[in-house]
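Asks: Quick one: this structure, given as structure tokens, is what I'll be asking you about.
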Amino acid sequence: MPTVGVKRDILFNALGRSYTDEEFDELCFEFGLELDEITSEKEIISREQGDSKASGASDVILYKIDVPANRYDLLCLEGLVRGLQVFKNKLEAPRYSRVSPTTGEVQRLIITKETAAVRPHAVAAVLRNITFTKERYDSFIELQEKLHQNVCRKRSLVAIGTHDLDTISGPFTYTAKPPGDISFKPLNQNKEYTASQLMSLYKTDSHLRHYLHIIEDKPVYPVIYDSNGVVLSMPPIINGDHSKISLTTKNVFIECTATDLTKAKIVLDVMVTMFSQYCSQPFTVEEAEVVYPDGKTCIYPELAYRKEKLTGEFINRKVGISEPTENIAQLLTRMCLLSQPTGAGDEIEVEIPPTRPDVIHACDIMEDAAIAYGFNNITRTTPRTYTVANQFPINKLTELLRQDLAAAGFTEALNFALCSQEDIADKLGKKISETRAVHISNPKTAEFQVARTSLLPGLLKTVAANRKMPLPLKLFEISDVVLKDETKDVGARNSRRFCAIYYNKSPGFEVIHGLLDRTMQLLEVKAAREQGYHIQAADDSTFFPGRCAEIFVHGKSVGRLGVLHPDVISRFELSMPCSALEMDIEPFLGHTAEALLTHDVPMRESIKHSLPRLGDSQQPLPAPPASTKTVFGDLKSQEGLKALNDFLADKSYMEGFVASQADASVFDAIPSTPTQTLQHLWRWYHHIKSFQTERVRLPATKTQFVLVNACSSSEHTSDEDIDLFGSEDEAESAETARIKEQRLAEYAAKKSKKPALIAKSSILLDVKPWDDETDMSKLEECVRSVRMDGLLWGQSKLLPVGYGIKKLQIACVVEDDKVGTDVLEEAITAFEEYVQSVDVAAFNKI
Amino acid sequence: EALLQLVEKADGGVDSLDVASSIGVDHQVIVGAVKSLQSLGDVISAEQRSSKHWELTDEGTELAEQGSHEARVFGSIPLEGLPQSELMKLSFGKIGFSKAMSNKWIRVDKSHEGGPRIFRSNIQDQVREKLLLVRSGAQLEEKDKNELKKRKLLTEVTVKSYWITRGSSFSTTLTKQETELTPEMIATGSWKDRKFKPYNFEAMGVAPDCGHLHPLMKVRTQFRQIFLEMGFSEMPTNNFIESSFWNFDSLFQPQQHPARDQHDTFFLSDPALAHEFPQDYLERVKTVHSEGGYGSQGYKYDWKMEEAQKNILRTHTTAVSARMLYKLAQQEKFTPVKYFSIDRVFRNETLDATHLAEFHQIEGVVADYGLTLGDLMGVLHQFFTKLGITKLRFKPAYNPYTEPSMEVFSYHEGLKKWVEVGNSGVFRPEMLLPMGLPEDVSVIAWGLSLERPTMIKYGINNIRELVGHKVNLQMVYDSPICRLDS
């Protein structure tokens, strides 16, 4: 929202009365402005540069007023005062008029064809016999700056140049030349520079350097000369010093050069309507003639008044008031929209002045009526819209699950959806290419390089930022990650994930495993291999080798859990063991009775009077299109397609303004869907494709675009063409299906190459002796002498039990299918003389 | 127990120091016993006393036994005198010499051959006498005490002791008080005879071992609840990646709009472009932007497909509202809808204490025949009343896709001023009609951020402490339940 700074006393003087700050704030609020700040130049300087610098500055009170971004007519004191005075019924909106020069000699601006390459448009006008004062002059300069920053989009769309007309003589030429050929003394410099020199001079200019890029790389730079070869300006960078305006300037020549003609006209209209106030004939503007390279001429400024007709009933109905027609006309007039009832019923004729380019629809007029009526005077009513509320199923599931996960002792974290590549790849021990991550092209910092593909990095970072908290830390998050997905219109989709971590002095795999079991219980999934869930050892570089398992639900993998790899832990600046779980929750959605909402839109419009669709049920025919030879060349070739793409750059159809048989025939000549790099062709192709059902009824062609191929063209009737089209479509989908199958097969092959996974368990046994006299080394020897297929003894240690008795704690890994714990216990207790009892201290599936 | 015996004997009570010396144990042992007896209730009552007395320091003891330094100097000088250098070699030489000199016990003959020679006069060792007095427990004059204290020969010692008397439930046999009721006591009924230790109700309880929900998510839950109470259905906003077409073009936001700038929006490099659009609709959108139509002048500029195709991280959830409204228009027959969503949106903004590159947007949309601006204000009034905000007023504003547009202000009792709480408006016909919605259908909508009310609710000043990994987990642990209307 642009902010306009005006001196308070000058503003009040122009408004004809003074206000307290509160009163003025209130007035602004009502009118849709915002009194953002009350300050002074001194205050601003002391805030920005320190008190010492501010000592000499003025302490005249400034109002900083926020103006809506579409109200270019309020960007200066003159416009603000005019708007508010009319609003308060103290002034009638002036009528702006374009006049011919009294001398009869109109100023001309001739555009040469060279400008087409860089900045093709220009408009101009003259303010005659204007009287500047210091305040007016400053406001005049300030308005140009505000327009440049806003509607001109930092001079890229439009650039304004204002000149003392008495120092130059028309006709003026707007042309474009190589930078080396342009040489002049720029504004506020004391010697001549070439354009190339200027570009390097302004590289360091805090203000102008922001505009250099607009023309920097162009072969020619735009420039305006007068009839004597004096440079007026080199838009959009700088004006010439020769024609600069001053307080004593009487006649001002305004030119606006542009890449967008509509905006140029608006900017010129705003400039002249605001400052023609100070001309000897107020609110009149002297016209200027612009001559185009093709010889066509236009008179500017346009200063067009447009008339719209609407009804009082329309305004009343849309706003929710019931005002008589006359009152509505008065309300609109107060908004500078001169309005009168036409007498035909409740019809009102509204005149939109050139100062209000923001009014482009009746709804804009309706809004102004509502503002004049006072938003806060409108009765607040309740619509009778009857609806039944539905939750979005995945959000409903998320909400329910969150509650119970917190009840399970885990604390909810909330992390950013954006992160660095490193977070989701290197730090997790993965390659970025494996992640299916979407990449951001313009991140300001590394924190915003990609959308996350996993919730795990966020949770680990949360732990890292909370290392001072007492252990264990148990965190979870249910949120979306983003993955590339070519089946979606935008090529990516969200996926709702559940992630949890346990951070403590021991890895606590059993805690995370327990949370998985609890989650499955909550989701009503039983622990079973086929019709339930199970976990199975898996390899994953994020996890410690042998400590990762994949979660399968009804035979489908939904996620993983395990103990994190020590490298991962240290990369996130952590020091304790950590186990984690991450899984999709969308597979648990089930089927809801309500219609499933989705943001996917139908790509083909549903036709109310549905026509039978041809071709859909036809068997695929392997016939190629009639001919790929066209006036654009062979459409089988890239050159041909490129030529067609260029042809379509500025056209919707092959000929005329509606789809015709010409489109249909060229469409058929294209062997396959064009790539997106040929945007224009691509857009047209899809558009024409949508006509497939009614294409027989498309108007006949006038031009022959497709060159008939002698052998095949006659064999195909137009009906068959449609079949062809259908078949092509089918063939395409058959092709995609084939690729998909192939990929599936490859995937299956890849999977099968992995060694068959054997379910193993890690068991920790406590073996207790009879008394403190039992020889523990002998006991351990006995235990280790137990040998079975699929049993592997691990580390052991002696732990004190009490009264000098120690127990042996020994780890082993068993293959589930071959060794059971009961068998193992039996075998050990067989050493009766040493062993009193055997207990399983811990049992983990690996 | 021995202590109790003594206390029983002594009628008026005993001093713990005396007890210690009479039993022959260290005083600290008695203090420990007193403390543990005290904790049993009114067995004994003990009153703390402190007494001060003076003791000799180590040096003082030495002096009391061997005489003061100056006396020892005196004693070490033979009748024929001693060279000064020789005297200084003695351990007590230096201090003793100067003191002895000032007491005039000795004299120095500087003219003596072989250096100054010291001769003895007469002596009275008062220091030693005084020290011996202290050791015997006698009192000294204040002046003398201070003198000796200065010479670090005396220290003042404070001894804390207890004056022990019998308590109301005095007994020489100890019955230990029970701390807690046990299953055995209940089974045997022994609880009836037992004495129970009183609880300290001043202490805090043990914090329950539990998980916690995130405060922002608690507030989200409440907002969802409010919308559901008002009959709004939740929109499927699980698509962070959006095409510029749905995010901007379909909303009649022109392609040169500053919001579409690199500085404000995150664009994607992969997948850079969206590849599928409803083509007919796209053509209508193109037309309304570049040429107008549906009663509009349009923006009259060269609408480019390339701009619309650009993929971005959605800047508002209104992109989803646009999709939903387009789908609504595709229905056989229009039915009124009320939609809401609360989900993440992304802005490539400069970050500070209240702005992040992503935040949650709350959005409400109502589509029906003949909705008015008054209806929008009425719905907003109902919505904000549920948040506990009743004083509302509306300021005209500008938004490319709503007309009229209103900023919603509420009166903040604490700040004593009107603060902006949300944005609202009526969707423009240029947005709705190309979608195919009937002409007399109006769509009203409003939006606000989730973070701001949460920060106010939970008194958080820095948004980073609330959202993201730098969250203060203690704050999460401690945050109360969320009731927005109280």
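How things are named: the first chain in the structure tokens is A, the next is B, and so on; residues count from 1 in each chain; ligands count from 1 in the order shown.
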In segment 22-170 of chain A, what's helix (DSSP H, G or I) per DSSP? Answer as a VMD selection string?

Replies: chain A and resid 22 to 31 41 to 49 51 to 54 72 to 74 77 to 87 113 to 117 134 to 149 165 to 167

Asks: Deliver the residues from the most recent selection as a file, using C-alpha atoms, as a short mmCIF file (atom, residue, chain, number, x, y, z; two decimals), in the first residue's frame.

Replies:
```
data_model
loop_
_atom_site.label_atom_id
_atom_site.label_comp_id
_atom_site.auth_asym_id
_atom_site.auth_seq_id
_atom_site.Cartn_x
_atom_site.Cartn_y
_atom_site.Cartn_z
CA GLU A 22 -8.27 11.85 15.99
CA GLU A 23 -10.78 13.62 13.80
CA PHE A 24 -8.54 13.36 10.76
CA ASP A 25 -7.83 9.71 11.50
CA GLU A 26 -11.59 9.13 11.65
CA LEU A 27 -12.11 10.91 8.31
CA CYS A 28 -9.39 8.79 6.71
CA PHE A 29 -10.92 5.59 8.08
CA GLU A 30 -14.31 6.44 6.65
CA PHE A 31 -12.85 7.25 3.23
CA GLU A 41 11.23 15.51 8.90
CA LYS A 42 13.33 16.01 11.98
CA GLU A 43 11.92 12.91 13.62
CA ILE A 44 12.45 10.81 10.51
CA ILE A 45 16.08 11.90 10.14
CA SER A 46 16.84 11.44 13.82
CA ARG A 47 15.32 7.97 13.72
CA GLU A 48 17.21 6.95 10.62
CA GLN A 49 20.52 8.75 11.01
CA ASP A 51 19.92 13.02 16.51
CA SER A 52 23.01 14.92 15.45
CA LYS A 53 22.05 14.85 11.78
CA ALA A 54 18.51 15.95 12.57
CA TYR A 72 -3.49 6.70 -8.28
CA ASP A 73 -5.56 9.86 -7.98
CA LEU A 74 -4.81 10.09 -4.25
CA LEU A 77 -1.71 16.40 -1.80
CA GLU A 78 -3.72 17.87 -4.68
CA GLY A 79 -5.56 14.59 -5.30
CA LEU A 80 -6.12 13.83 -1.62
CA VAL A 81 -7.60 17.25 -0.98
CA ARG A 82 -9.80 17.05 -4.06
CA GLY A 83 -11.04 13.57 -3.09
CA LEU A 84 -11.78 14.54 0.52
CA GLN A 85 -13.39 17.89 -0.32
CA VAL A 86 -15.74 16.28 -2.83
CA PHE A 87 -16.44 13.50 -0.29
CA LYS A 113 10.28 1.89 -35.47
CA GLU A 114 13.53 1.18 -33.58
CA THR A 115 11.70 1.60 -30.29
CA ALA A 116 9.73 -1.60 -30.94
CA ALA A 117 12.71 -3.63 -29.76
CA LYS A 134 8.14 25.32 -3.80
CA GLU A 135 5.36 23.15 -2.36
CA ARG A 136 3.70 22.53 -5.71
CA TYR A 137 7.00 21.75 -7.36
CA ASP A 138 7.92 19.25 -4.64
CA SER A 139 4.52 17.63 -4.90
CA PHE A 140 4.90 17.43 -8.70
CA ILE A 141 8.22 15.60 -8.38
CA GLU A 142 6.93 13.41 -5.56
CA LEU A 143 3.87 12.30 -7.57
CA GLN A 144 6.12 11.14 -10.42
CA GLU A 145 8.10 9.10 -7.92
CA LYS A 146 4.96 7.58 -6.38
CA LEU A 147 3.59 6.67 -9.82
CA HIS A 148 6.95 5.19 -10.81
CA GLN A 149 6.93 2.99 -7.73
CA LEU A 165 8.97 23.27 -22.96
CA ASP A 166 10.52 26.71 -23.43
CA THR A 167 14.02 25.22 -23.49
#
```

Asks: Nearest to chain A among B:Ser68, B:Thr402, B:Ser269, B:Ser50, with distances taken over only C-alpha atoms: which residue is it?

Replies: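 Nearest candidate to chain A out of B:Ser68, B:Thr402, B:Ser269, B:Ser50: B:Ser269.
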
Asks: Pick out the residues sitting within 10 Å of Tyr305 of chain A, and hand them over as an mmCIF file with N, CA, C and O atoms, in the first residue's frame; count only C-alpha atoms, and ignore anything fewer than 6 positions along from it in its own chain.

Replies:
```cif
data_model
loop_
_atom_site.group_PDB
_atom_site.id
_atom_site.type_symbol
_atom_site.label_atom_id
_atom_site.label_comp_id
_atom_site.auth_asym_id
_atom_site.auth_seq_id
_atom_site.Cartn_x
_atom_site.Cartn_y
_atom_site.Cartn_z
ATOM 1 N N ARG A 95 -14.030 19.313 -13.875
ATOM 2 C CA ARG A 95 -14.130 18.640 -15.162
ATOM 3 C C ARG A 95 -12.859 18.918 -15.933
ATOM 4 O O ARG A 95 -12.477 20.062 -16.133
ATOM 5 N N TYR A 96 -12.202 17.844 -16.308
ATOM 6 C CA TYR A 96 -10.912 18.003 -16.972
ATOM 7 C C TYR A 96 -11.142 18.039 -18.472
ATOM 8 O O TYR A 96 -11.915 17.264 -19.004
ATOM 9 N N SER A 97 -10.466 19.000 -19.131
ATOM 10 C CA SER A 97 -10.657 19.026 -20.583
ATOM 11 C C SER A 97 -9.339 19.191 -21.321
ATOM 12 O O SER A 97 -8.382 19.785 -20.832
ATOM 13 N N VAL A 350 -23.870 6.989 -14.514
ATOM 14 C CA VAL A 350 -22.664 7.333 -13.754
ATOM 15 C C VAL A 350 -21.566 7.685 -14.743
ATOM 16 O O VAL A 350 -21.354 6.971 -15.722
ATOM 17 N N GLU A 351 -20.898 8.812 -14.444
ATOM 18 C CA GLU A 351 -19.799 9.209 -15.317
ATOM 19 C C GLU A 351 -18.482 8.947 -14.599
ATOM 20 O O GLU A 351 -18.257 9.448 -13.501
ATOM 21 N N ILE A 352 -17.654 8.133 -15.236
ATOM 22 C CA ILE A 352 -16.374 7.791 -14.606
ATOM 23 C C ILE A 352 -15.306 8.709 -15.185
ATOM 24 O O ILE A 352 -15.016 8.670 -16.379
ATOM 25 N N PRO A 353 -14.705 9.552 -14.326
ATOM 26 C CA PRO A 353 -13.739 10.528 -14.822
ATOM 27 C C PRO A 353 -12.385 9.896 -15.113
ATOM 28 O O PRO A 353 -12.118 8.770 -14.660
ATOM 29 N N PRO A 354 -11.520 10.585 -15.831
ATOM 30 C CA PRO A 354 -10.207 10.021 -16.175
ATOM 31 C C PRO A 354 -9.317 9.796 -14.948
ATOM 32 O O PRO A 354 -8.308 9.106 -15.048
ATOM 33 N N THR A 355 -9.703 10.382 -13.808
ATOM 34 C CA THR A 355 -8.914 10.177 -12.588
ATOM 35 C C THR A 355 -9.197 8.836 -11.932
ATOM 36 O O THR A 355 -8.520 8.458 -10.992
ATOM 37 N N ARG A 356 -10.226 8.132 -12.401
ATOM 38 C CA ARG A 356 -10.618 6.909 -11.718
ATOM 39 C C ARG A 356 -10.490 5.659 -12.590
ATOM 40 O O ARG A 356 -11.449 4.944 -12.840
#
```

Asks: Quick one: of A:Asn188, A:Ser183, A:Gln449, A:Thr273, who's nearest to chain B, counting only C-alpha atoms?

Replies: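 Using only C-alpha atoms, the shortest distance to chain B belongs to A:Gln449.
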
Asks: Can you list, as a VMD selection string, every protein, DNA or RNA residue that comes within 8 Å of Leu332 of chain A when you count only C-alpha atoms, leaving out same-chain residues fewer than 4 positions away?

Replies: chain A and resid 328 336 to 339 350 365 368 to 369 372

Asks: Just the selected residues (all heavy atoms), exported as a PDB file, in the first residue's frame, please.

Replies:
```
ATOM      1  N   ILE A 328     -28.740   7.686  -3.947  1.00  0.00           N
ATOM      2  CA  ILE A 328     -27.612   6.886  -4.435  1.00  0.00           C
ATOM      3  C   ILE A 328     -26.795   7.694  -5.425  1.00  0.00           C
ATOM      4  O   ILE A 328     -25.569   7.699  -5.377  1.00  0.00           O
ATOM      5  CB  ILE A 328     -28.120   5.561  -5.041  1.00  0.00           C
ATOM      6  CG1 ILE A 328     -28.643   4.682  -3.908  1.00  0.00           C
ATOM      7  CG2 ILE A 328     -27.015   4.842  -5.797  1.00  0.00           C
ATOM      8  CD1 ILE A 328     -29.335   3.429  -4.338  1.00  0.00           C
ATOM      9  N   CYS A 336     -16.641  11.459  -6.536  1.00  0.00           N
ATOM     10  CA  CYS A 336     -16.101  11.943  -7.810  1.00  0.00           C
ATOM     11  C   CYS A 336     -16.666  11.174  -9.005  1.00  0.00           C
ATOM     12  O   CYS A 336     -16.060  11.169 -10.086  1.00  0.00           O
ATOM     13  CB  CYS A 336     -14.575  11.893  -7.866  1.00  0.00           C
ATOM     14  SG  CYS A 336     -13.785  13.056  -6.768  1.00  0.00           S
ATOM     15  N   LEU A 337     -17.762  10.444  -8.794  1.00  0.00           N
ATOM     16  CA  LEU A 337     -18.428   9.773  -9.907  1.00  0.00           C
ATOM     17  C   LEU A 337     -19.752  10.504 -10.133  1.00  0.00           C
ATOM     18  O   LEU A 337     -20.764  10.192  -9.487  1.00  0.00           O
ATOM     19  CB  LEU A 337     -18.692   8.303  -9.575  1.00  0.00           C
ATOM     20  CG  LEU A 337     -17.476   7.441  -9.222  1.00  0.00           C
ATOM     21  CD1 LEU A 337     -17.920   6.054  -8.760  1.00  0.00           C
ATOM     22  CD2 LEU A 337     -16.521   7.325 -10.396  1.00  0.00           C
ATOM     23  N   LEU A 338     -19.716  11.510 -10.984  1.00  0.00           N
ATOM     24  CA  LEU A 338     -20.891  12.346 -11.222  1.00  0.00           C
ATOM     25  C   LEU A 338     -22.053  11.467 -11.719  1.00  0.00           C
ATOM     26  O   LEU A 338     -21.941  10.797 -12.736  1.00  0.00           O
ATOM     27  CB  LEU A 338     -20.557  13.423 -12.258  1.00  0.00           C
ATOM     28  CG  LEU A 338     -21.664  14.425 -12.550  1.00  0.00           C
ATOM     29  CD1 LEU A 338     -21.967  15.276 -11.326  1.00  0.00           C
ATOM     30  CD2 LEU A 338     -21.280  15.296 -13.739  1.00  0.00           C
ATOM     31  N   SER A 339     -23.154  11.478 -10.956  1.00  0.00           N
ATOM     32  CA  SER A 339     -24.249  10.556 -11.263  1.00  0.00           C
ATOM     33  C   SER A 339     -25.593  11.256 -11.267  1.00  0.00           C
ATOM     34  O   SER A 339     -25.813  12.202 -10.508  1.00  0.00           O
ATOM     35  CB  SER A 339     -24.297   9.429 -10.229  1.00  0.00           C
ATOM     36  OG  SER A 339     -23.074   8.769 -10.198  1.00  0.00           O
ATOM     37  N   VAL A 350     -23.870   6.989 -14.514  1.00  0.00           N
ATOM     38  CA  VAL A 350     -22.664   7.333 -13.754  1.00  0.00           C
ATOM     39  C   VAL A 350     -21.566   7.685 -14.743  1.00  0.00           C
ATOM     40  O   VAL A 350     -21.354   6.971 -15.722  1.00  0.00           O
ATOM     41  CB  VAL A 350     -22.204   6.142 -12.888  1.00  0.00           C
ATOM     42  CG1 VAL A 350     -21.048   6.540 -11.985  1.00  0.00           C
ATOM     43  CG2 VAL A 350     -23.352   5.590 -12.065  1.00  0.00           C
ATOM     44  N   ILE A 365     -18.373   0.693  -8.774  1.00  0.00           N
ATOM     45  CA  ILE A 365     -19.282   1.810  -8.513  1.00  0.00           C
ATOM     46  C   ILE A 365     -20.094   1.505  -7.253  1.00  0.00           C
ATOM     47  O   ILE A 365     -20.267   2.352  -6.382  1.00  0.00           O
ATOM     48  CB  ILE A 365     -20.209   2.024  -9.732  1.00  0.00           C
ATOM     49  CG1 ILE A 365     -19.354   2.346 -10.966  1.00  0.00           C
ATOM     50  CG2 ILE A 365     -21.235   3.117  -9.451  1.00  0.00           C
ATOM     51  CD1 ILE A 365     -20.121   2.374 -12.264  1.00  0.00           C
ATOM     52  N   ASP A 368     -18.142   2.250  -4.185  1.00  0.00           N
ATOM     53  CA  ASP A 368     -18.061   3.672  -3.863  1.00  0.00           C
ATOM     54  C   ASP A 368     -19.349   4.159  -3.214  1.00  0.00           C
ATOM     55  O   ASP A 368     -19.322   4.984  -2.302  1.00  0.00           O
ATOM     56  CB  ASP A 368     -17.730   4.482  -5.124  1.00  0.00           C
ATOM     57  CG  ASP A 368     -16.225   4.544  -5.363  1.00  0.00           C
ATOM     58  OD1 ASP A 368     -15.517   3.766  -4.703  1.00  0.00           O
ATOM     59  OD2 ASP A 368     -15.771   5.357  -6.192  1.00  0.00           O
ATOM     60  N   ALA A 369     -20.482   3.643  -3.685  1.00  0.00           N
ATOM     61  CA  ALA A 369     -21.757   4.016  -3.054  1.00  0.00           C
ATOM     62  C   ALA A 369     -21.758   3.569  -1.592  1.00  0.00           C
ATOM     63  O   ALA A 369     -22.187   4.312  -0.707  1.00  0.00           O
ATOM     64  CB  ALA A 369     -22.916   3.373  -3.807  1.00  0.00           C
ATOM     65  N   ALA A 372     -19.492   5.868   0.478  1.00  0.00           N
ATOM     66  CA  ALA A 372     -20.137   7.154   0.728  1.00  0.00           C
ATOM     67  C   ALA A 372     -21.278   6.999   1.730  1.00  0.00           C
ATOM     68  O   ALA A 372     -21.503   7.870   2.575  1.00  0.00           O
ATOM     69  CB  ALA A 372     -20.641   7.745  -0.585  1.00  0.00           C
TER      70      ALA A 372
END
```

Asks: If you count only C-alpha atoms, which residues fall within 9 Å of Lys806 of chain A, apart from same-chain ones fewer than 5 positions away, as a list in words?

Replies: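 Listed by chain and then number, they are Lys768, Pro769, Asp771, Asp772, Met776, Leu798, Leu799, Pro800 and Val801 of chain A.
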
Asks: How many Å separate atom CA of Glu582 of chain A from atom CA of Ala527 of chain A?

Replies: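 We find that atom CA of Glu582 of chain A and atom CA of Ala527 of chain A lie 17.9 Å from each other.
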